[in-house]
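Chemist: Dropping in target-v5.txt, with compact mmCIF, N, CA and C atoms.
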```
# COMPACT_ATOMS: atom_id res chain seq x y z
N MET P 1 133.51 19.64 79.71
CA MET P 1 133.41 21.07 79.94
C MET P 1 134.16 21.44 81.21
N ALA P 2 134.88 22.53 81.18
CA ALA P 2 135.64 22.99 82.34
C ALA P 2 134.70 23.44 83.45
N GLN P 3 135.13 23.22 84.67
CA GLN P 3 134.37 23.63 85.82
C GLN P 3 134.42 25.14 85.96
N LEU P 4 133.24 25.78 86.03
CA LEU P 4 133.19 27.23 86.23
C LEU P 4 133.58 27.55 87.66
N ARG P 5 134.26 28.68 87.83
CA ARG P 5 134.62 29.17 89.15
C ARG P 5 134.41 30.68 89.16
N THR P 6 133.82 31.16 90.23
CA THR P 6 133.61 32.60 90.37
C THR P 6 134.83 33.24 91.02
N ILE P 7 134.87 34.54 90.98
CA ILE P 7 135.79 35.28 91.83
C ILE P 7 135.23 35.17 93.25
N PRO P 8 135.98 35.53 94.29
CA PRO P 8 135.40 35.50 95.65
C PRO P 8 134.22 36.47 95.74
N LEU P 9 133.09 35.93 96.20
CA LEU P 9 131.86 36.70 96.33
C LEU P 9 131.47 36.80 97.80
N ALA P 10 130.99 37.95 98.23
CA ALA P 10 130.54 38.12 99.62
C ALA P 10 129.25 37.33 99.81
N ILE P 11 129.27 36.39 100.78
CA ILE P 11 128.08 35.57 101.01
C ILE P 11 127.45 35.83 102.38
N ALA P 12 128.16 36.50 103.28
CA ALA P 12 127.61 36.81 104.60
C ALA P 12 128.48 37.87 105.25
N ALA P 13 127.89 38.56 106.22
CA ALA P 13 128.63 39.57 106.98
C ALA P 13 128.36 39.37 108.46
N MET P 14 129.34 39.72 109.27
CA MET P 14 129.20 39.63 110.71
C MET P 14 128.10 40.58 111.18
N GLY P 15 127.31 40.11 112.14
CA GLY P 15 126.27 40.95 112.72
C GLY P 15 124.89 40.34 112.54
N LEU P 16 123.90 41.15 112.79
CA LEU P 16 122.52 40.69 112.65
C LEU P 16 122.14 40.54 111.19
N THR P 17 121.37 39.51 110.91
CA THR P 17 120.84 39.32 109.56
C THR P 17 119.43 39.91 109.50
N VAL P 18 118.94 40.09 108.31
CA VAL P 18 117.61 40.65 108.12
C VAL P 18 116.54 39.72 108.70
N ASP P 19 116.79 38.41 108.67
CA ASP P 19 115.80 37.45 109.18
C ASP P 19 115.97 37.13 110.66
N GLY P 20 116.78 37.93 111.38
CA GLY P 20 116.86 37.81 112.83
C GLY P 20 117.96 36.92 113.37
N ARG P 21 118.75 36.30 112.54
CA ARG P 21 119.87 35.50 113.02
C ARG P 21 121.04 36.44 113.32
N GLU P 22 122.05 35.93 113.99
CA GLU P 22 123.26 36.71 114.22
C GLU P 22 124.45 35.88 113.81
N ILE P 23 125.31 36.47 113.00
CA ILE P 23 126.55 35.82 112.57
C ILE P 23 127.68 36.48 113.35
N SER P 24 128.35 35.69 114.18
CA SER P 24 129.41 36.23 115.02
C SER P 24 130.75 36.17 114.31
N GLU P 25 131.71 36.89 114.87
CA GLU P 25 133.07 36.83 114.34
C GLU P 25 133.62 35.40 114.47
N LYS P 26 133.28 34.74 115.57
CA LYS P 26 133.70 33.35 115.76
C LYS P 26 133.11 32.46 114.67
N ASP P 27 131.83 32.67 114.34
CA ASP P 27 131.21 31.88 113.26
C ASP P 27 132.03 31.99 111.98
N ILE P 28 132.33 33.22 111.59
CA ILE P 28 133.07 33.44 110.34
C ILE P 28 134.48 32.85 110.42
N ASP P 29 135.17 33.08 111.54
CA ASP P 29 136.51 32.53 111.70
C ASP P 29 136.49 31.00 111.66
N ASP P 30 135.53 30.39 112.37
CA ASP P 30 135.40 28.93 112.36
C ASP P 30 135.14 28.41 110.95
N ILE P 31 134.21 29.05 110.26
CA ILE P 31 133.84 28.60 108.92
C ILE P 31 135.05 28.61 108.00
N VAL P 32 135.82 29.69 108.03
CA VAL P 32 136.99 29.79 107.15
C VAL P 32 138.07 28.78 107.54
N SER P 33 138.28 28.59 108.84
CA SER P 33 139.37 27.69 109.26
C SER P 33 139.01 26.21 109.14
N THR P 34 137.73 25.87 109.19
CA THR P 34 137.36 24.45 109.17
C THR P 34 136.87 23.95 107.82
N TYR P 35 136.50 24.85 106.92
CA TYR P 35 135.85 24.39 105.68
C TYR P 35 136.80 23.55 104.83
N ASN P 36 136.30 22.40 104.44
CA ASN P 36 137.05 21.49 103.59
C ASN P 36 136.07 20.90 102.58
N TYR P 37 136.11 21.42 101.38
CA TYR P 37 135.19 21.01 100.31
C TYR P 37 135.22 19.50 100.07
N LYS P 38 136.39 18.90 100.20
CA LYS P 38 136.52 17.46 99.94
C LYS P 38 135.99 16.61 101.09
N LYS P 39 135.97 17.17 102.30
CA LYS P 39 135.45 16.44 103.46
C LYS P 39 133.92 16.53 103.51
N TYR P 40 133.39 17.74 103.44
CA TYR P 40 131.95 17.97 103.45
C TYR P 40 131.69 19.26 102.71
N GLY P 41 131.40 19.14 101.44
CA GLY P 41 131.19 20.31 100.60
C GLY P 41 129.80 20.89 100.74
N ALA P 42 129.73 22.21 100.83
CA ALA P 42 128.45 22.91 100.89
C ALA P 42 127.90 23.03 99.48
N ARG P 43 126.67 22.55 99.28
CA ARG P 43 126.00 22.66 97.99
C ARG P 43 125.22 23.96 97.95
N ILE P 44 124.97 24.43 96.76
CA ILE P 44 124.19 25.64 96.54
C ILE P 44 122.77 25.22 96.16
N ASN P 45 121.78 25.82 96.83
CA ASN P 45 120.38 25.50 96.54
C ASN P 45 119.57 26.78 96.42
N LEU P 46 118.35 26.66 95.96
CA LEU P 46 117.47 27.81 95.78
C LEU P 46 116.57 27.98 96.99
N ASP P 47 116.64 29.14 97.61
CA ASP P 47 115.74 29.52 98.71
C ASP P 47 115.67 28.51 99.85
N HIS P 48 116.79 27.88 100.17
CA HIS P 48 116.85 26.89 101.26
C HIS P 48 115.91 25.71 101.00
N GLU P 49 115.66 25.43 99.73
CA GLU P 49 114.73 24.35 99.39
C GLU P 49 115.42 23.01 99.20
N PHE P 50 116.73 22.94 99.39
CA PHE P 50 117.51 21.71 99.29
C PHE P 50 117.13 20.90 98.06
N ASN P 51 116.48 19.79 98.25
CA ASN P 51 116.13 18.90 97.13
C ASN P 51 114.99 19.42 96.27
N TRP P 52 114.40 20.53 96.64
CA TRP P 52 113.28 21.08 95.89
C TRP P 52 113.69 22.27 95.03
N SER P 53 114.99 22.50 94.84
CA SER P 53 115.45 23.66 94.07
C SER P 53 114.85 23.68 92.66
N GLY P 54 114.83 22.55 91.99
CA GLY P 54 114.27 22.49 90.64
C GLY P 54 112.81 22.86 90.62
N TRP P 55 112.04 22.33 91.58
CA TRP P 55 110.62 22.65 91.67
C TRP P 55 110.44 24.14 91.96
N ALA P 56 111.23 24.66 92.91
CA ALA P 56 111.10 26.06 93.29
C ALA P 56 111.43 26.98 92.11
N ALA P 57 112.48 26.65 91.37
CA ALA P 57 112.85 27.48 90.22
C ALA P 57 111.71 27.53 89.20
N LYS P 58 111.14 26.38 88.93
CA LYS P 58 110.08 26.30 87.91
C LYS P 58 108.80 26.97 88.39
N ASN P 59 108.42 26.73 89.63
CA ASN P 59 107.13 27.20 90.12
C ASN P 59 107.17 28.59 90.75
N LEU P 60 108.33 29.02 91.21
CA LEU P 60 108.42 30.34 91.82
C LEU P 60 109.06 31.38 90.91
N SER P 61 109.99 30.94 90.06
CA SER P 61 110.70 31.87 89.19
C SER P 61 110.40 31.64 87.71
N ASN P 62 109.58 30.64 87.41
CA ASN P 62 109.20 30.30 86.04
C ASN P 62 110.43 29.99 85.17
N ILE P 63 111.42 29.33 85.78
CA ILE P 63 112.62 28.93 85.05
C ILE P 63 112.80 27.43 85.24
N ASP P 64 112.84 26.72 84.13
CA ASP P 64 112.94 25.27 84.17
C ASP P 64 114.41 24.86 84.16
N ILE P 65 114.95 24.60 85.34
CA ILE P 65 116.34 24.19 85.44
C ILE P 65 116.40 22.67 85.47
N LYS P 66 117.54 22.14 85.16
CA LYS P 66 117.73 20.69 85.18
C LYS P 66 118.31 20.30 86.55
N GLY P 67 117.64 19.43 87.26
CA GLY P 67 118.13 18.98 88.56
C GLY P 67 117.75 19.91 89.68
N GLY P 68 118.31 19.67 90.84
CA GLY P 68 117.93 20.44 92.01
C GLY P 68 119.01 21.37 92.53
N MET P 69 120.21 20.87 92.70
CA MET P 69 121.26 21.69 93.27
C MET P 69 121.89 22.57 92.19
N LEU P 70 122.49 23.67 92.63
CA LEU P 70 122.96 24.68 91.69
C LEU P 70 124.48 24.81 91.62
N GLY P 71 125.19 23.97 92.34
CA GLY P 71 126.65 24.00 92.31
C GLY P 71 127.22 23.78 93.69
N ASP P 72 128.48 24.20 93.86
CA ASP P 72 129.21 23.93 95.08
C ASP P 72 130.01 25.13 95.55
N VAL P 73 130.26 25.17 96.86
CA VAL P 73 131.16 26.16 97.44
C VAL P 73 132.54 25.51 97.46
N ILE P 74 133.51 26.13 96.80
CA ILE P 74 134.84 25.55 96.64
C ILE P 74 135.83 26.06 97.69
N GLU P 75 135.87 27.37 97.90
CA GLU P 75 136.84 27.98 98.83
C GLU P 75 136.17 29.08 99.63
N LEU P 76 136.71 29.34 100.81
CA LEU P 76 136.20 30.42 101.66
C LEU P 76 137.36 31.29 102.15
N SER P 77 137.06 32.55 102.34
CA SER P 77 138.03 33.48 102.90
C SER P 77 137.26 34.59 103.61
N THR P 78 138.00 35.46 104.27
CA THR P 78 137.36 36.57 104.97
C THR P 78 138.18 37.84 104.79
N ALA P 79 137.50 38.95 104.88
CA ALA P 79 138.14 40.27 104.83
C ALA P 79 137.15 41.26 105.40
N LYS P 80 137.64 42.44 105.71
CA LYS P 80 136.74 43.49 106.18
C LYS P 80 136.30 44.34 104.99
N ASN P 81 135.04 44.77 105.02
CA ASN P 81 134.54 45.63 103.95
C ASN P 81 134.88 47.08 104.24
N GLU P 82 134.40 47.98 103.41
CA GLU P 82 134.73 49.41 103.54
C GLU P 82 134.20 50.01 104.84
N ASP P 83 133.23 49.34 105.49
CA ASP P 83 132.70 49.81 106.77
C ASP P 83 133.40 49.16 107.96
N GLY P 84 134.42 48.33 107.68
CA GLY P 84 135.16 47.66 108.75
C GLY P 84 134.47 46.42 109.29
N ILE P 85 133.47 45.91 108.59
CA ILE P 85 132.73 44.72 109.03
C ILE P 85 133.35 43.48 108.39
N LYS P 86 133.54 42.45 109.21
CA LYS P 86 134.09 41.18 108.71
C LYS P 86 133.07 40.52 107.79
N VAL P 87 133.54 40.12 106.60
CA VAL P 87 132.69 39.53 105.58
C VAL P 87 133.24 38.16 105.21
N LEU P 88 132.34 37.21 104.97
CA LEU P 88 132.70 35.88 104.51
C LEU P 88 132.58 35.85 102.99
N TYR P 89 133.67 35.46 102.33
CA TYR P 89 133.71 35.38 100.87
C TYR P 89 133.81 33.92 100.44
N ALA P 90 133.20 33.60 99.30
CA ALA P 90 133.25 32.24 98.77
C ALA P 90 133.55 32.25 97.29
N VAL P 91 134.35 31.27 96.87
CA VAL P 91 134.52 30.96 95.46
C VAL P 91 133.54 29.84 95.18
N LEU P 92 132.68 30.07 94.22
CA LEU P 92 131.63 29.10 93.88
C LEU P 92 131.94 28.40 92.57
N SER P 93 131.40 27.21 92.45
CA SER P 93 131.43 26.48 91.19
C SER P 93 129.98 26.29 90.76
N PRO P 94 129.43 27.29 90.05
CA PRO P 94 128.02 27.21 89.64
C PRO P 94 127.84 26.24 88.48
N ASN P 95 126.70 25.55 88.46
CA ASN P 95 126.41 24.70 87.31
C ASN P 95 125.54 25.47 86.31
N ALA P 96 125.17 24.83 85.22
CA ALA P 96 124.42 25.49 84.15
C ALA P 96 123.08 26.02 84.65
N SER P 97 122.45 25.33 85.59
CA SER P 97 121.16 25.80 86.12
C SER P 97 121.31 27.11 86.89
N PHE P 98 122.39 27.22 87.67
CA PHE P 98 122.65 28.46 88.41
C PHE P 98 122.91 29.60 87.43
N VAL P 99 123.68 29.33 86.41
CA VAL P 99 123.97 30.35 85.39
C VAL P 99 122.67 30.80 84.74
N GLN P 100 121.77 29.85 84.44
CA GLN P 100 120.48 30.18 83.82
C GLN P 100 119.65 31.07 84.74
N LEU P 101 119.60 30.76 86.02
CA LEU P 101 118.88 31.61 86.98
C LEU P 101 119.50 33.00 87.04
N ASN P 102 120.82 33.06 87.10
CA ASN P 102 121.52 34.34 87.18
C ASN P 102 121.27 35.19 85.94
N GLN P 103 121.28 34.57 84.77
CA GLN P 103 121.03 35.30 83.53
C GLN P 103 119.62 35.87 83.48
N ALA P 104 118.70 35.23 84.21
CA ALA P 104 117.31 35.71 84.27
C ALA P 104 117.13 36.70 85.42
N ASP P 105 118.23 37.11 86.06
CA ASP P 105 118.22 38.05 87.18
C ASP P 105 117.39 37.52 88.35
N GLN P 106 117.49 36.22 88.60
CA GLN P 106 116.80 35.57 89.71
C GLN P 106 117.83 35.00 90.68
N ALA P 107 117.47 34.95 91.96
CA ALA P 107 118.32 34.33 92.98
C ALA P 107 119.73 34.91 92.97
N VAL P 108 119.83 36.21 93.13
CA VAL P 108 121.11 36.90 93.01
C VAL P 108 121.76 37.25 94.36
N TYR P 109 121.10 36.89 95.47
CA TYR P 109 121.64 37.13 96.81
C TYR P 109 121.92 35.80 97.51
N PHE P 110 122.64 35.88 98.63
CA PHE P 110 123.05 34.66 99.33
C PHE P 110 122.51 34.62 100.75
N SER P 111 122.36 33.41 101.25
CA SER P 111 122.00 33.16 102.65
C SER P 111 122.73 31.88 103.07
N ILE P 112 123.61 32.00 104.08
CA ILE P 112 124.41 30.85 104.47
C ILE P 112 123.60 29.88 105.33
N GLU P 113 123.98 28.62 105.25
CA GLU P 113 123.40 27.56 106.08
C GLU P 113 124.55 27.01 106.91
N ILE P 114 124.43 27.11 108.22
CA ILE P 114 125.54 26.74 109.09
C ILE P 114 125.10 25.76 110.18
N ASP P 115 126.08 25.04 110.70
CA ASP P 115 125.90 24.17 111.86
C ASP P 115 126.91 24.66 112.88
N ARG P 116 126.43 25.16 114.02
CA ARG P 116 127.33 25.75 115.02
C ARG P 116 128.05 24.72 115.88
N ASP P 117 127.73 23.45 115.72
CA ASP P 117 128.43 22.40 116.45
C ASP P 117 128.63 21.22 115.50
N PHE P 118 129.28 21.50 114.39
CA PHE P 118 129.45 20.50 113.33
C PHE P 118 130.19 19.28 113.85
N MET P 119 129.56 18.14 113.73
CA MET P 119 130.12 16.87 114.18
C MET P 119 130.63 16.95 115.62
N LYS P 120 129.89 17.70 116.45
CA LYS P 120 130.21 17.88 117.88
C LYS P 120 131.61 18.45 118.10
N SER P 121 132.05 19.29 117.16
CA SER P 121 133.38 19.89 117.24
C SER P 121 133.40 21.18 118.05
N GLY P 122 132.21 21.76 118.30
CA GLY P 122 132.15 23.06 118.97
C GLY P 122 132.45 24.21 118.02
N GLN P 123 132.64 23.89 116.74
CA GLN P 123 132.95 24.92 115.75
C GLN P 123 131.83 25.02 114.70
N THR P 124 131.72 26.22 114.16
CA THR P 124 130.71 26.48 113.13
C THR P 124 131.25 26.06 111.77
N TYR P 125 130.39 25.43 110.97
CA TYR P 125 130.77 24.93 109.65
C TYR P 125 129.71 25.35 108.64
N LEU P 126 130.13 25.69 107.45
CA LEU P 126 129.20 26.02 106.37
C LEU P 126 128.69 24.72 105.76
N THR P 127 127.41 24.44 105.93
CA THR P 127 126.83 23.19 105.42
C THR P 127 126.07 23.38 104.11
N GLY P 128 125.74 24.61 103.77
CA GLY P 128 125.03 24.88 102.53
C GLY P 128 124.99 26.37 102.26
N LEU P 129 124.59 26.70 101.05
CA LEU P 129 124.45 28.10 100.64
C LEU P 129 123.22 28.22 99.79
N ALA P 130 122.30 29.07 100.22
CA ALA P 130 121.10 29.31 99.43
C ALA P 130 121.29 30.56 98.60
N VAL P 131 120.75 30.54 97.40
CA VAL P 131 120.63 31.75 96.59
C VAL P 131 119.17 32.14 96.63
N THR P 132 118.93 33.42 96.73
CA THR P 132 117.58 33.91 96.97
C THR P 132 117.41 35.30 96.37
N ASP P 133 116.20 35.75 96.30
CA ASP P 133 115.94 37.13 95.86
C ASP P 133 115.86 38.07 97.06
N TYR P 134 116.02 37.51 98.26
CA TYR P 134 115.93 38.31 99.48
C TYR P 134 117.21 38.07 100.31
N PRO P 135 118.16 39.01 100.29
CA PRO P 135 119.42 38.78 101.00
C PRO P 135 119.22 38.66 102.51
N ALA P 136 120.01 37.79 103.15
CA ALA P 136 119.95 37.63 104.60
C ALA P 136 120.86 38.65 105.27
N SER P 137 122.04 38.86 104.72
CA SER P 137 122.99 39.82 105.30
C SER P 137 122.91 41.15 104.56
N THR P 138 123.19 42.21 105.32
CA THR P 138 123.21 43.53 104.67
C THR P 138 124.63 43.87 104.27
```
Just give me the structure as C-alpha cells.
Modeler:
Amino acid sequence: MAQLRTIPLAIAAMGLTVDGREISEKDIDDIVSTYNYKKYGARINLDHEFNWSGWAAKNLSNIDIKGGMLGDVIELSTAKNEDGIKVLYAVLSPNASFVQLNQADQAVYFSIEIDRDFMKSGQTYLTGLAVTDYPAST
C-alpha cells in the first residue's frame, strides 16, 4: 500500500498556547531548519500518550485502533497566516489508525512536542506531535 501523505497542515503558531506554553519565532525557525525525518523522526500520538495511544483511543474515544502510534511527521515548513502570525506547517504520513480516528471526528487538532536543547545543540527540535480534541495553539 502506498504511503499516505497530507497537504501541509498548520500544527502550531508563534505565541502563547492555550495550555500556557510559549512558542517563539526562534522555536519555529529552529524546528524548520533542523528537522530531519531520517535522523530523528517525530511520531504522531494521541493526547501526548506516546505508547498508550491505542489504550487512549479505545478507552477515551471508544475507537479500537491497531497499535499505538498514528504515523509520522515527514516535512516541515513555515509561513505567516492571514493575521501575520508565523505558523509551523507539517506534511504528515498518517497510518490507518489515524485515518480511522479522523473519520470518527476525533483527535482533529495538534499539539507539538519539542526539545529546546535537542542533543545539546541549543536549538529547538520537533520530537513528537500529538493529535487531540483540544488544540494547543490558536
Chemist: Can you work out the spacing between CA of Val18 (chain P) and CA of Ile85 (chain P) in Å, to one decimal?
Modeler: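 Separation between CA of Val18 (chain P) and CA of Ile85 (chain P): 15.7 Å.
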Chemist: Skipping near chain neighbours, those fewer than 5 positions away, what residues fall within 8 Å of Thr17 (chain P) using only N, CA and C atoms, listed as a PyMOL selection string?
Modeler: chain P and resi 22-23+135-138
Chemist: Just the number, please: distance in Å from atom N of Ile44 (chain P) to atom N of Tyr125 (chain P), one decimal.
Modeler: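 One can read the atom N of Ile44 (chain P) to atom N of Tyr125 (chain P) distance as 15.2 Å.
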Chemist: Kindly indicate which residue among P:Val131, P:Val99, P:Leu46, P:Leu16 lies nearest to Ser111 (chain P), using only N, CA and C atoms for the distances.
Modeler: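 Looking only at the distances to Ser111 (chain P), the closest residue turns out to be P:Val131.
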Chemist: Among chain P, which ones does DSSP assign to helix (DSSP H, G or I) (computed from the backbone)? Answer as a VMD selection string.
Modeler: chain P and resid 25 to 34 50 to 60 96 to 103 118 to 120
Chemist: Find, counting only C-alpha atoms, the residue in P:Gln100, P:Asp105, P:Asp19, P:Ser33 that gets nearest to Thr78 (chain P).
Modeler: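 Looking at the shortest contact to Thr78 (chain P), the residue is P:Ser33.
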Chemist: How many Å separate CA of Asp72 (chain P) from atom N of Asn95 (chain P)?
Modeler: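 Distance between the two atoms: 7.3 Å.
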Chemist: Would you mind writing down, as a PyMOL selection string, each residue of chain P that DSSP on the backbone assigns to strand (DSSP E or B)?
Modeler: chain P and resi 9-13+15-16+22-23+43-46+71-80+86-94+109-115+125-132
Chemist: May I have the centre and edge lengths, in Å to one decimal, of an axis-aligned box around the listed atoms of region 87-105 of chain P with 6 Å added to every side, as JSON?
Modeler:
```
{"center_x": 125.8, "center_y": 32.4, "center_z": 95.0, "size_x": 29.4, "size_y": 27.4, "size_z": 35.1}
```
Chemist: Go ahead and find all residues with at least one atom no further than 7 Å from (125.3, 17.4, 94.9) in the file's coordinates, using all atoms listed in the file; report them as a list in words.
Modeler: Arg43, Met69 and Gly71 of chain P
Chemist: Which residues, written as a list in words, have at least one atom at most 5 Å from Ile112 (chain P), with all atoms listed in the file counted and residues fewer than 2 positions away on the same chain left out?
Modeler: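 What passes the distance filter is Phe110, Ile114, Gly128 and Leu129 of chain P.
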Chemist: Could you write out that same residue set with N, CA and C atoms as a tab-separated table (two decimals), keeping the file's coordinate frame?
Modeler:
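Result file again.tsv:
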```tsv
chain	number	residue	atom	x	y	z
P	110	PHE	N	122.64	35.88	98.63
P	110	PHE	CA	123.05	34.66	99.33
P	110	PHE	C	122.51	34.62	100.75
P	114	ILE	N	124.43	27.11	108.22
P	114	ILE	CA	125.54	26.74	109.09
P	114	ILE	C	125.10	25.76	110.18
P	128	GLY	N	125.74	24.61	103.77
P	128	GLY	CA	125.03	24.88	102.53
P	128	GLY	C	124.99	26.37	102.26
P	129	LEU	N	124.59	26.70	101.05
P	129	LEU	CA	124.45	28.10	100.64
P	129	LEU	C	123.22	28.22	99.79
```
Chemist: Which residue out of P:Tyr134, P:Leu88, P:Glu82, P:Val32 has the minimum interatomic distance to Ala12 (chain P) when only N, CA and C atoms are used?
Modeler: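 Closest residue, counting only N, CA and C atoms: P:Leu88.
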Chemist: Tell me which protein, DNA and RNA residues are within 6 Å of Ala107 (chain P), counting only N, CA and C atoms, leaving out same-chain ones fewer than 3 positions away, and put them as a ChimeraX atom specification.
Modeler: /P:101,131-133
